[in-house]
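S.K.: If it helps, the file is called structure.pdb and holds PDB, C-alpha atoms:
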```pdb
ATOM      1  CA  MET S   1      12.729 -13.886 -37.533
ATOM      2  CA  ASN S   2      10.827 -15.055 -34.470
ATOM      3  CA  ASP S   3      13.305 -16.134 -31.835
ATOM      4  CA  LYS S   4      11.016 -18.804 -30.480
ATOM      5  CA  SER S   5      10.822 -20.428 -33.877
ATOM      6  CA  ASP S   6      14.450 -21.263 -33.649
ATOM      7  CA  LYS S   7      14.731 -24.991 -33.080
ATOM      8  CA  PHE S   8      17.669 -24.645 -30.767
ATOM      9  CA  THR S   9      15.967 -22.022 -28.618
ATOM     10  CA  LYS S  10      12.833 -24.128 -28.537
ATOM     11  CA  LYS S  11      14.785 -27.061 -27.269
ATOM     12  CA  ILE S  12      16.313 -24.958 -24.504
ATOM     13  CA  CYS S  13      12.897 -23.599 -23.562
ATOM     14  CA  SER S  14      11.394 -27.079 -23.371
ATOM     15  CA  VAL S  15      14.197 -28.224 -21.051
ATOM     16  CA  LEU S  16      13.707 -25.141 -18.887
ATOM     17  CA  ASP S  17       9.933 -25.674 -18.811
ATOM     18  CA  GLN S  18      10.487 -29.268 -17.830
ATOM     19  CA  SER S  19      12.691 -28.108 -14.974
ATOM     20  CA  LEU S  20       9.762 -26.080 -13.648
ATOM     21  CA  ASP S  21       7.572 -29.149 -13.504
ATOM     22  CA  ASP S  22      10.331 -30.944 -11.662
ATOM     23  CA  LEU S  23      10.446 -28.396  -8.862
ATOM     24  CA  ASP S  24       9.953 -30.153  -5.550
ATOM     25  CA  THR S  25       6.721 -29.586  -3.659
ATOM     26  CA  ALA S  26       8.511 -27.843  -0.781
ATOM     27  CA  THR S  27       9.837 -25.165  -3.132
ATOM     28  CA  VAL S  28       6.478 -24.804  -4.848
ATOM     29  CA  SER S  29       4.689 -24.346  -1.520
ATOM     30  CA  LYS S  30       7.362 -21.882  -0.398
ATOM     31  CA  LEU S  31       6.828 -19.905  -3.593
ATOM     32  CA  SER S  32       3.104 -19.913  -2.998
ATOM     33  CA  ARG S  33       3.572 -18.738   0.594
ATOM     34  CA  LEU S  34       5.899 -15.910  -0.290
ATOM     35  CA  LYS S  35       3.514 -14.815  -3.021
ATOM     36  CA  TYR S  36       0.690 -14.419  -0.467
ATOM     37  CA  ARG S  37       3.110 -12.797   1.966
ATOM     38  CA  ALA S  38       3.970 -10.199  -0.672
ATOM     39  CA  LEU S  39       0.288  -9.546  -1.354
ATOM     40  CA  ASP S  40      -0.478  -9.285   2.384
ATOM     41  CA  SER S  41       2.425  -6.923   2.980
ATOM     42  CA  ALA S  42       1.010  -4.622   0.340
ATOM     43  CA  THR S  43      -2.408  -4.663   2.007
ATOM     44  CA  SER S  44      -0.969  -3.915   5.448
ATOM     45  CA  LYS S  45       1.182  -1.152   4.011
ATOM     46  CA  LYS S  46      -1.892   0.361   2.406
ATOM     47  CA  SER S  47      -3.759   0.324   5.715
ATOM     48  CA  TRP S  48      -0.791   1.988   7.420
ATOM     49  CA  LYS S  49      -0.748   4.576   4.674
ATOM     50  CA  LEU S  50      -4.426   5.298   5.411
ATOM     51  CA  VAL S  51      -3.608   5.702   9.089
ATOM     52  CA  TRP S  52      -0.734   8.068   8.314
ATOM     53  CA  ALA S  53      -2.910   9.978   5.883
ATOM     54  CA  GLY S  54      -5.603  10.325   8.557
ATOM     55  CA  LEU S  55      -3.231  11.721  11.155
ATOM     56  CA  PRO S  56      -2.882  15.207   9.619
ATOM     57  CA  MET S  57      -6.658  15.396   9.294
ATOM     58  CA  THR S  58      -7.066  14.498  12.953
ATOM     59  CA  ALA S  59      -4.409  17.029  13.925
ATOM     60  CA  VAL S  60      -6.162  19.755  11.946
ATOM     61  CA  LEU S  61      -9.505  18.870  13.555
ATOM     62  CA  LEU S  62      -7.924  18.986  17.005
ATOM     63  CA  LEU S  63      -6.389  22.357  16.247
ATOM     64  CA  ILE S  64      -9.727  23.712  15.060
ATOM     65  CA  MET S  65     -11.381  22.426  18.240
ATOM     66  CA  LEU S  66      -8.673  23.908  20.413
ATOM     67  CA  PHE S  67      -8.953  27.294  18.772
ATOM     68  CA  ASN S  68     -12.741  27.309  18.799
ATOM     69  CA  MET S  69     -13.300  26.112  22.361
ATOM     70  CA  PRO S  70     -12.119  29.285  24.158
ATOM     71  CA  ASN S  71     -14.165  31.365  21.730
ATOM     72  CA  THR S  72     -17.299  29.404  22.609
ATOM     73  CA  GLN S  73     -16.692  29.827  26.313
ATOM     74  CA  HIS S  74     -15.943  33.457  25.772
ATOM     75  CA  SER S  75     -19.215  34.001  23.916
ATOM     76  CA  GLN S  76     -21.168  32.243  26.690
ATOM     77  CA  ILE S  77     -19.553  34.427  29.293
ATOM     78  CA  ASP S  78     -20.302  37.476  27.193
ATOM     79  CA  LEU S  79     -23.981  36.521  26.863
ATOM     80  CA  GLN S  80     -24.270  36.013  30.592
ATOM     81  CA  GLY S  81     -22.526  39.314  31.152
ATOM     82  CA  VAL S  82     -24.923  41.106  28.836
ATOM     83  CA  VAL S  83     -27.957  39.710  30.703
ATOM     84  CA  GLU S  84     -26.482  40.753  34.046
ATOM     85  CA  PHE S  85     -25.661  44.160  32.643
ATOM     86  CA  ASN S  86     -29.249  44.571  31.438
ATOM     87  CA  ILE S  87     -30.595  43.671  34.887
ATOM     88  CA  LEU S  88     -28.278  46.096  36.619
ATOM     89  CA  THR S  89     -29.037  48.947  34.252
ATOM     90  CA  ASP S  90     -32.768  48.272  34.187
ATOM     91  CA  THR S  91     -35.066  50.764  35.893
ATOM     92  CA  GLU S  92     -36.899  47.903  37.581
ATOM     93  CA  PRO S  93     -35.861  47.199  41.159
ATOM     94  CA  LEU S  94     -33.917  44.013  41.670
ATOM     95  CA  ASP S  95     -36.836  42.518  43.636
ATOM     96  CA  PHE S  96     -38.741  42.341  40.390
ATOM     97  CA  TYR S  97     -36.230  39.835  39.001
ATOM     98  CA  THR S  98     -35.878  37.822  42.190
ATOM     99  CA  GLU S  99     -39.514  37.617  43.385
ATOM    100  CA  ASP S 100     -42.053  39.192  41.058
ATOM    101  CA  ILE S 101     -40.784  37.529  37.924
ATOM    102  CA  GLU S 102     -41.901  34.155  39.270
ATOM    103  CA  PHE S 103     -45.388  35.522  39.655
ATOM    104  CA  TYR S 104     -45.456  36.664  36.055
ATOM    105  CA  GLU S 105     -44.161  33.374  34.863
ATOM    106  CA  TRP S 106     -46.873  31.561  36.790
ATOM    107  CA  LEU S 107     -49.474  33.928  35.465
ATOM    108  CA  SER S 108     -48.263  33.400  31.926
ATOM    109  CA  GLU S 109     -48.512  29.646  32.326
ATOM    110  CA  VAL S 110     -52.057  29.938  33.730
ATOM    111  CA  MET S 111     -53.091  32.123  30.847
ATOM    112  CA  GLU S 112     -51.489  29.828  28.316
ATOM    113  CA  ASN S 113     -53.364  26.885  29.759
ATOM    114  CA  ASP S 114     -56.492  28.944  29.752
ATOM    115  CA  SER S 115     -56.084  29.849  26.095
ATOM    116  CA  GLU S 116     -55.417  26.233  25.196
ATOM    117  CA  LEU S 117     -58.613  25.168  26.937
ATOM    118  CA  SER S 118     -60.595  27.806  25.094
ATOM    119  CA  GLY S 119     -58.982  26.912  21.754
ATOM    120  CA  GLN S 120     -57.061  30.123  21.395
ATOM    121  CA  HIS S 121     -53.327  30.053  21.116
ATOM    122  CA  THR S 122     -52.422  33.583  21.928
ATOM    123  CA  THR S 123     -49.857  33.891  24.633
ATOM    124  CA  VAL S 124     -48.794  36.698  26.789
ATOM    125  CA  PRO S 125     -45.058  36.625  26.946
ATOM    126  CA  VAL S 126     -43.181  37.659  29.989
ATOM    127  CA  ASP S 127     -40.918  40.246  28.587
ATOM    128  CA  THR S 128     -38.464  41.353  31.149
ATOM    129  CA  ASP S 129     -36.210  43.267  28.830
ATOM    130  CA  SER S 130     -38.542  45.292  26.676
ATOM    131  CA  ASP S 131     -40.959  47.931  27.798
ATOM    132  CA  ASN S 132     -38.636  49.070  30.503
ATOM    133  CA  SER S 133     -40.258  52.423  30.583
ATOM    134  CA  LEU S 134     -43.255  50.930  32.410
ATOM    135  CA  GLY S 135     -42.955  50.554  36.163
ATOM    136  CA  SER S 136     -43.591  47.309  37.959
ATOM    137  CA  GLY S 137     -47.068  48.514  38.994
ATOM    138  CA  ASN S 138     -48.005  49.396  35.425
ATOM    139  CA  ARG S 139     -46.691  46.060  34.197
ATOM    140  CA  ARG S 140     -48.712  44.170  36.777
ATOM    141  CA  ASN S 141     -51.819  46.111  35.847
ATOM    142  CA  THR S 142     -51.329  45.494  32.144
ATOM    143  CA  VAL S 143     -50.815  41.788  32.537
ATOM    144  CA  ALA S 144     -53.627  41.439  35.056
ATOM    145  CA  GLN S 145     -55.957  43.344  32.783
ATOM    146  CA  SER S 146     -55.010  41.120  29.884
ATOM    147  CA  GLY S 147     -55.626  38.012  32.022
ATOM    148  CA  ASN S 148     -59.013  39.286  33.193
ATOM    149  CA  ASP S 149     -60.051  39.990  29.619
ATOM    150  CA  ARG S 150     -59.165  36.488  28.586
ATOM    151  CA  ILE S 151     -60.921  34.817  31.506
ATOM    152  CA  SER S 152     -64.075  36.830  30.910
ATOM    153  CA  TRP S 153     -63.866  36.045  27.203
ATOM    154  CA  SER S 154     -63.566  32.330  28.000
ATOM    155  CA  ILE S 155     -66.628  32.450  30.309
ATOM    156  CA  ARG S 156     -68.636  34.267  27.648
ATOM    157  CA  GLY S 157     -67.388  32.076  24.858
TER
ATOM    158  CA  MET N   1      -2.254  -9.790  -9.231
ATOM    159  CA  GLU N   2      -2.391 -13.219  -7.617
ATOM    160  CA  GLU N   3      -2.897 -14.862 -10.993
ATOM    161  CA  PHE N   4      -0.007 -12.907 -12.444
ATOM    162  CA  PHE N   5       2.315 -14.048  -9.664
ATOM    163  CA  LYS N   6       1.064 -17.595 -10.101
ATOM    164  CA  SER N   7       1.961 -17.460 -13.771
ATOM    165  CA  ILE N   8       5.511 -16.220 -13.285
ATOM    166  CA  GLU N   9       6.628 -17.391  -9.855
ATOM    167  CA  ARG N  10       8.340 -20.594 -11.001
ATOM    168  CA  GLN N  11      10.168 -18.991 -13.903
ATOM    169  CA  ALA N  12      11.215 -16.146 -11.644
ATOM    170  CA  TYR N  13      12.521 -18.591  -9.084
ATOM    171  CA  ARG N  14      14.407 -20.615 -11.691
ATOM    172  CA  MET N  15      15.884 -17.463 -13.166
ATOM    173  CA  ALA N  16      17.005 -16.265  -9.753
ATOM    174  CA  LEU N  17      18.436 -19.695  -9.018
ATOM    175  CA  PHE N  18      20.539 -19.603 -12.199
ATOM    176  CA  SER N  19      22.082 -16.404 -10.961
ATOM    177  CA  CYS N  20      22.549 -16.991  -7.264
ATOM    178  CA  SER N  21      22.869 -20.797  -7.158
ATOM    179  CA  ASN N  22      21.217 -21.061  -3.775
ATOM    180  CA  GLN N  23      17.600 -22.030  -3.239
ATOM    181  CA  GLU N  24      16.987 -19.862  -0.184
ATOM    182  CA  ASP N  25      18.631 -16.834  -1.772
ATOM    183  CA  ALA N  26      16.601 -17.374  -4.920
ATOM    184  CA  LEU N  27      13.378 -17.514  -2.907
ATOM    185  CA  ASP N  28      14.370 -14.346  -1.054
ATOM    186  CA  LEU N  29      15.066 -12.572  -4.325
ATOM    187  CA  VAL N  30      11.686 -13.567  -5.739
ATOM    188  CA  GLN N  31       9.895 -12.493  -2.584
ATOM    189  CA  ASP N  32      11.679  -9.128  -2.502
ATOM    190  CA  ALA N  33      10.829  -8.580  -6.139
ATOM    191  CA  MET N  34       7.174  -9.485  -5.558
ATOM    192  CA  CYS N  35       6.895  -7.183  -2.538
ATOM    193  CA  LYS N  36       8.453  -4.279  -4.370
ATOM    194  CA  PHE N  37       6.356  -4.923  -7.442
ATOM    195  CA  VAL N  38       3.101  -4.912  -5.446
ATOM    196  CA  GLU N  39       4.190  -1.794  -3.619
ATOM    197  CA  LYS N  40       5.327   0.227  -6.627
ATOM    198  CA  TYR N  41       3.713  -1.040  -9.796
ATOM    199  CA  ALA N  42       0.366  -2.626  -8.869
ATOM    200  CA  GLU N  43      -1.451   0.360 -10.359
ATOM    201  CA  LYS N  44       0.282   0.029 -13.738
ATOM    202  CA  PRO N  45      -1.506  -1.555 -16.714
ATOM    203  CA  GLU N  46      -1.397  -5.356 -16.733
ATOM    204  CA  GLU N  47       0.393  -5.462 -20.089
ATOM    205  CA  GLU N  48       3.429  -3.860 -18.483
ATOM    206  CA  TRP N  49       3.499  -6.091 -15.411
ATOM    207  CA  LYS N  50       5.734  -8.789 -16.814
ATOM    208  CA  ALA N  51       8.467  -6.427 -17.994
ATOM    209  CA  LEU N  52       8.274  -4.385 -14.816
ATOM    210  CA  PHE N  53       8.404  -7.421 -12.569
ATOM    211  CA  TYR N  54      11.449  -8.807 -14.353
ATOM    212  CA  ARG N  55      13.042  -5.396 -14.207
ATOM    213  CA  ILE N  56      12.776  -5.499 -10.412
ATOM    214  CA  LEU N  57      13.943  -9.092 -10.279
ATOM    215  CA  GLN N  58      16.934  -8.394 -12.516
ATOM    216  CA  ASN N  59      17.906  -5.452 -10.345
ATOM    217  CA  LYS N  60      17.654  -7.645  -7.256
ATOM    218  CA  ILE N  61      19.750 -10.315  -8.925
ATOM    219  CA  ARG N  62      22.374  -7.765  -9.956
ATOM    220  CA  ASP N  63      22.517  -6.355  -6.428
ATOM    221  CA  PHE N  64      22.868  -9.859  -5.053
ATOM    222  CA  TYR N  65      25.547 -10.672  -7.594
ATOM    223  CA  ARG N  66      27.553  -7.588  -6.643
ATOM    224  CA  LYS N  67      27.304  -8.349  -2.933
ATOM    225  CA  GLU N  68      28.218 -11.963  -3.568
ATOM    226  CA  SER N  69      31.248 -10.901  -5.603
ATOM    227  CA  VAL N  70      32.494  -8.751  -2.759
ATOM    228  CA  ARG N  71      31.838 -11.501  -0.204
ATOM    229  CA  SER N  72      33.549 -14.020  -2.400
ATOM    230  CA  ARG N  73      36.646 -11.833  -2.763
ATOM    231  CA  TRP N  74      36.822 -11.391   0.986
ATOM    232  CA  ARG N  75      36.430 -15.132   1.464
ATOM    233  CA  ILE N  76      39.273 -15.816  -0.963
ATOM    234  CA  TRP N  77      41.466 -13.204   0.630
ATOM    235  CA  LEU N  78      40.787 -14.502   4.128
ATOM    236  CA  ASN N  79      41.447 -18.082   3.074
ATOM    237  CA  GLY N  80      44.685 -17.017   1.456
ATOM    238  CA  ARG N  81      43.760 -18.472  -1.878
ATOM    239  CA  ALA N  82      45.089 -15.593  -3.920
ATOM    240  CA  GLU N  83      45.470 -17.722  -7.016
ATOM    241  CA  GLU N  84      41.694 -17.980  -7.376
ATOM    242  CA  GLU N  85      41.097 -14.253  -7.231
ATOM    243  CA  ASP N  86      40.515 -13.863 -10.939
ATOM    244  CA  ALA N  87      37.903 -16.564 -11.131
ATOM    245  CA  GLU N  88      34.219 -15.695 -11.633
ATOM    246  CA  PRO N  89      32.403 -15.560  -8.273
ATOM    247  CA  LEU N  90      29.478 -17.582  -9.564
ATOM    248  CA  GLU N  91      31.755 -20.380 -10.619
ATOM    249  CA  GLN N  92      33.006 -20.665  -7.085
ATOM    250  CA  LEU N  93      29.563 -21.069  -5.576
ATOM    251  CA  ALA N  94      28.389 -24.554  -4.731
ATOM    252  CA  ASP N  95      26.280 -26.228  -7.360
ATOM    253  CA  PRO N  96      22.861 -26.665  -5.757
ATOM    254  CA  THR N  97      21.690 -29.246  -8.261
ATOM    255  CA  GLY N  98      23.214 -31.966  -6.189
ATOM    256  CA  GLN N  99      20.397 -31.415  -3.704
ATOM    257  CA  THR N 100      17.487 -30.721  -6.039
ATOM    258  CA  PRO N 101      15.111 -33.248  -7.576
ATOM    259  CA  GLU N 102      16.290 -32.381 -11.091
ATOM    260  CA  ARG N 103      18.797 -35.184 -10.710
ATOM    261  CA  GLU N 104      15.935 -37.612 -10.500
ATOM    262  CA  THR N 105      14.211 -36.486 -13.661
ATOM    263  CA  GLY N 106      14.565 -37.917 -17.134
ATOM    264  CA  ASN N 107      16.196 -34.897 -18.715
ATOM    265  CA  ARG N 108      18.458 -34.322 -15.729
ATOM    266  CA  GLN N 109      21.638 -34.412 -17.730
ATOM    267  CA  MET N 110      20.339 -32.009 -20.345
ATOM    268  CA  PHE N 111      19.192 -29.574 -17.751
ATOM    269  CA  ASP N 112      22.435 -29.830 -15.808
ATOM    270  CA  HIS N 113      24.411 -29.253 -18.965
ATOM    271  CA  LEU N 114      22.270 -26.274 -19.905
ATOM    272  CA  GLN N 115      22.475 -24.846 -16.415
ATOM    273  CA  GLN N 116      26.223 -25.196 -16.449
ATOM    274  CA  GLU N 117      26.514 -23.362 -19.737
ATOM    275  CA  LEU N 118      24.032 -20.685 -18.747
ATOM    276  CA  LYS N 119      26.079 -19.975 -15.646
ATOM    277  CA  LYS N 120      29.168 -19.536 -17.762
ATOM    278  CA  LEU N 121      27.503 -16.680 -19.621
ATOM    279  CA  SER N 122      27.945 -13.192 -18.280
ATOM    280  CA  LEU N 123      25.100 -12.122 -16.020
ATOM    281  CA  LYS N 124      23.682  -9.754 -18.613
ATOM    282  CA  GLN N 125      23.850 -12.307 -21.412
ATOM    283  CA  GLN N 126      22.225 -14.903 -19.192
ATOM    284  CA  GLN N 127      19.430 -12.544 -18.160
ATOM    285  CA  VAL N 128      18.774 -11.311 -21.675
ATOM    286  CA  PHE N 129      18.713 -14.827 -23.048
ATOM    287  CA  LEU N 130      16.259 -16.054 -20.414
ATOM    288  CA  LEU N 131      14.008 -13.044 -20.758
ATOM    289  CA  ARG N 132      13.922 -13.137 -24.536
ATOM    290  CA  ALA N 133      13.985 -16.859 -25.261
ATOM    291  CA  TRP N 134      12.227 -18.318 -22.238
ATOM    292  CA  GLU N 135       9.959 -15.539 -20.966
ATOM    293  CA  GLY N 136       9.140 -14.440 -24.485
ATOM    294  CA  LEU N 137       9.678 -10.748 -23.804
ATOM    295  CA  SER N 138      10.016  -8.566 -26.878
ATOM    296  CA  VAL N 139      13.209  -6.596 -27.476
ATOM    297  CA  ASN N 140      11.426  -3.508 -26.205
ATOM    298  CA  GLU N 141      10.137  -5.232 -23.068
ATOM    299  CA  ALA N 142      13.523  -6.819 -22.388
ATOM    300  CA  ALA N 143      15.131  -3.398 -22.745
ATOM    301  CA  LEU N 144      12.675  -2.045 -20.196
ATOM    302  CA  ALA N 145      13.326  -4.964 -17.864
ATOM    303  CA  MET N 146      17.085  -4.660 -18.164
ATOM    304  CA  SER N 147      17.137  -0.854 -18.162
ATOM    305  CA  CYS N 148      19.251  -0.674 -21.295
ATOM    306  CA  SER N 149      18.859   0.064 -25.001
ATOM    307  CA  GLU N 150      17.273  -2.277 -27.524
ATOM    308  CA  GLY N 151      20.612  -2.498 -29.352
ATOM    309  CA  THR N 152      22.306  -3.794 -26.209
ATOM    310  CA  ILE N 153      19.568  -6.405 -25.801
ATOM    311  CA  LYS N 154      20.042  -7.596 -29.384
ATOM    312  CA  THR N 155      23.798  -7.800 -28.966
ATOM    313  CA  HIS N 156      23.627  -9.700 -25.667
ATOM    314  CA  TYR N 157      20.999 -12.068 -26.993
ATOM    315  CA  PHE N 158      22.946 -12.808 -30.147
ATOM    316  CA  ARG N 159      26.152 -13.468 -28.229
ATOM    317  CA  ALA N 160      24.403 -15.630 -25.637
ATOM    318  CA  THR N 161      22.685 -17.711 -28.298
ATOM    319  CA  GLU N 162      25.879 -18.128 -30.281
ATOM    320  CA  ARG N 163      27.814 -19.203 -27.241
ATOM    321  CA  LEU N 164      25.154 -21.684 -26.143
ATOM    322  CA  ARG N 165      24.855 -23.036 -29.667
ATOM    323  CA  LYS N 166      28.581 -23.485 -29.773
ATOM    324  CA  LYS N 167      28.684 -25.294 -26.438
ATOM    325  CA  LEU N 168      25.469 -27.276 -26.631
ATOM    326  CA  GLY N 169      24.896 -27.460 -30.349
ATOM    327  CA  ASP N 170      26.545 -30.808 -30.947
ATOM    328  CA  HIS N 171      24.268 -32.537 -28.472
ATOM    329  CA  TRP N 172      21.085 -30.510 -28.875
ATOM    330  CA  LEU N 173      20.632 -30.056 -32.594
TER
END
```
Once you've parsed the file, please lay out its structure as structure tokens.

M.R.:
Amino acid sequence: MNDKSDKFTKKICSVLDQSLDDLDTATVSKLSRLKYRALDSATSKKSWKLVWAGLPMTAVLLLIMLFNMPNTQHSQIDLQGVVEFNILTDTEPLDFYTEDIEFYEWLSEVMENDSELSGQHTTVPVDTDSDNSLGSGNRRNTVAQSGNDRISWSIRG
Amino acid sequence: MEEFFKSIERQAYRMALFSCSNQEDALDLVQDAMCKFVEKYAEKPEEEWKALFYRILQNKIRDFYRKESVRSRWRIWLNGRAEEEDAEPLEQLADPTGQTPERETGNRQMFDHLQQELKKLSLKQQQVFLLRAWEGLSVNEAALAMSCSEGTIKTHYFRATERLRKKLGDHWL
């Protein structure tokens, strides 16, 4: 048997329903307000949850950064150290790195410009690390010879 | 969610008011229930919302009722009215209908009479009756809302209906 079909229950329900319509406007507006308050509280709680959830991620990122930063510095120092070590152990005199190297850089730039003008893109790199077996005189001669060849080729071409 | 609250807010308030007999307390109970519902059960399927919401509300009402019983006993003890100790706490609370607009409505007397009789029911019988008869919850849903077995729901509902019929029957049938 359906309970609602009962006449007596129906009568009670109709009286109760009527009492809802008779609620004063102040109570109805209060109900409406607290409903939105409940919905808002849920939204704010959700946003706080997101913040709290993000905190561990931020902490982990910070930790990773903290652990990686000294390593990065260390590797930079190591690289610098290796370069200095190469200079010190090189057979070239130190003057080559302080004075002559600027000349070779200039010469390389001139030759690059020259090759660009003539449409050729071959460059003569200034290699200070390799070919250490050659002396500074030999190196100068080799580079100068290469430059002369190019200039004469440009004039002919 | 908003529509769901809109559909049940007045019934929920009225139900809470039957139990606590104070408008502000009833509003607080409804708000607490709504907040908890949104927080805990918003992700549940909509078909379960009604039963779950009333489950929260009934728990809130029961908690309130327990606290009010304790307060009431203390009040009686402090006032030295030991002879009233055995009385039901709800019966000792002020009847709020004297300040509500129900008095101004056409069926005021019927509602007052019904309210009076509903309050005389035990809390469980009152809740089961309102959930089943007024809210239209099935036995299963009412059992979920009341956190008890279906057999208990049937028993409470039968007893509540019989008692109300006995008290109101002469005038209402």

S.K.: Apply the ChimeraX specification (/S :<10) & /N to the displayed file and report the matching residues as a ChimeraX atom specification.

M.R.: /N:1-2,5-6,9-15,23-24,27-28,30-40,42,100-108,110-112,114-115,129-130,132-136,138,157,161,164-165,168-169,172-173

S.K.: Could you tell me how far CA of Gly151 in chain N lies from CA of Tyr54 in chain N, in Å and to one decimal?

M.R.: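 According to the coordinates, CA of Gly151 in chain N and CA of Tyr54 in chain N are separated by 18.7 Å.
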
S.K.: Show which residues sit within 12 Å of Lys124 in chain N, as JSON, numbers by chain. Count all atoms listed in the file, and ignore same-chain residues fewer than 2 positions away.

M.R.: {"N": [19, 58, 59, 61, 62, 65, 118, 119, 120, 121, 122, 126, 127, 128, 129, 130, 131, 132, 142, 143, 145, 146, 147, 148, 152, 153, 154, 155, 156, 157, 158, 159, 160]}

S.K.: Could you jot down the CA of Phe64 in chain N to CA of Ser7 in chain N separation for me, Å, one decimal place?

M.R.: 23.9 Å

S.K.: Quote the spacing between CA of Arg66 in chain N and CA of Leu78 in chain N in Å to one decimal place.

M.R.: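 CA of Leu78 in chain N lies 18.4 Å from CA of Arg66 in chain N.
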
S.K.: Using all atoms of range 36-49 of chain N listed in the file and a margin of 5 Å per side, can you give the axis-aligned box centre and edge lengths in Å to one decimal, as lines of an AutoDock Vina configuration file?

M.R.:
```
center_x = 3.5
center_y = -2.9
center_z = -11.9
size_x = 20.0
size_y = 16.5
size_z = 26.5
```
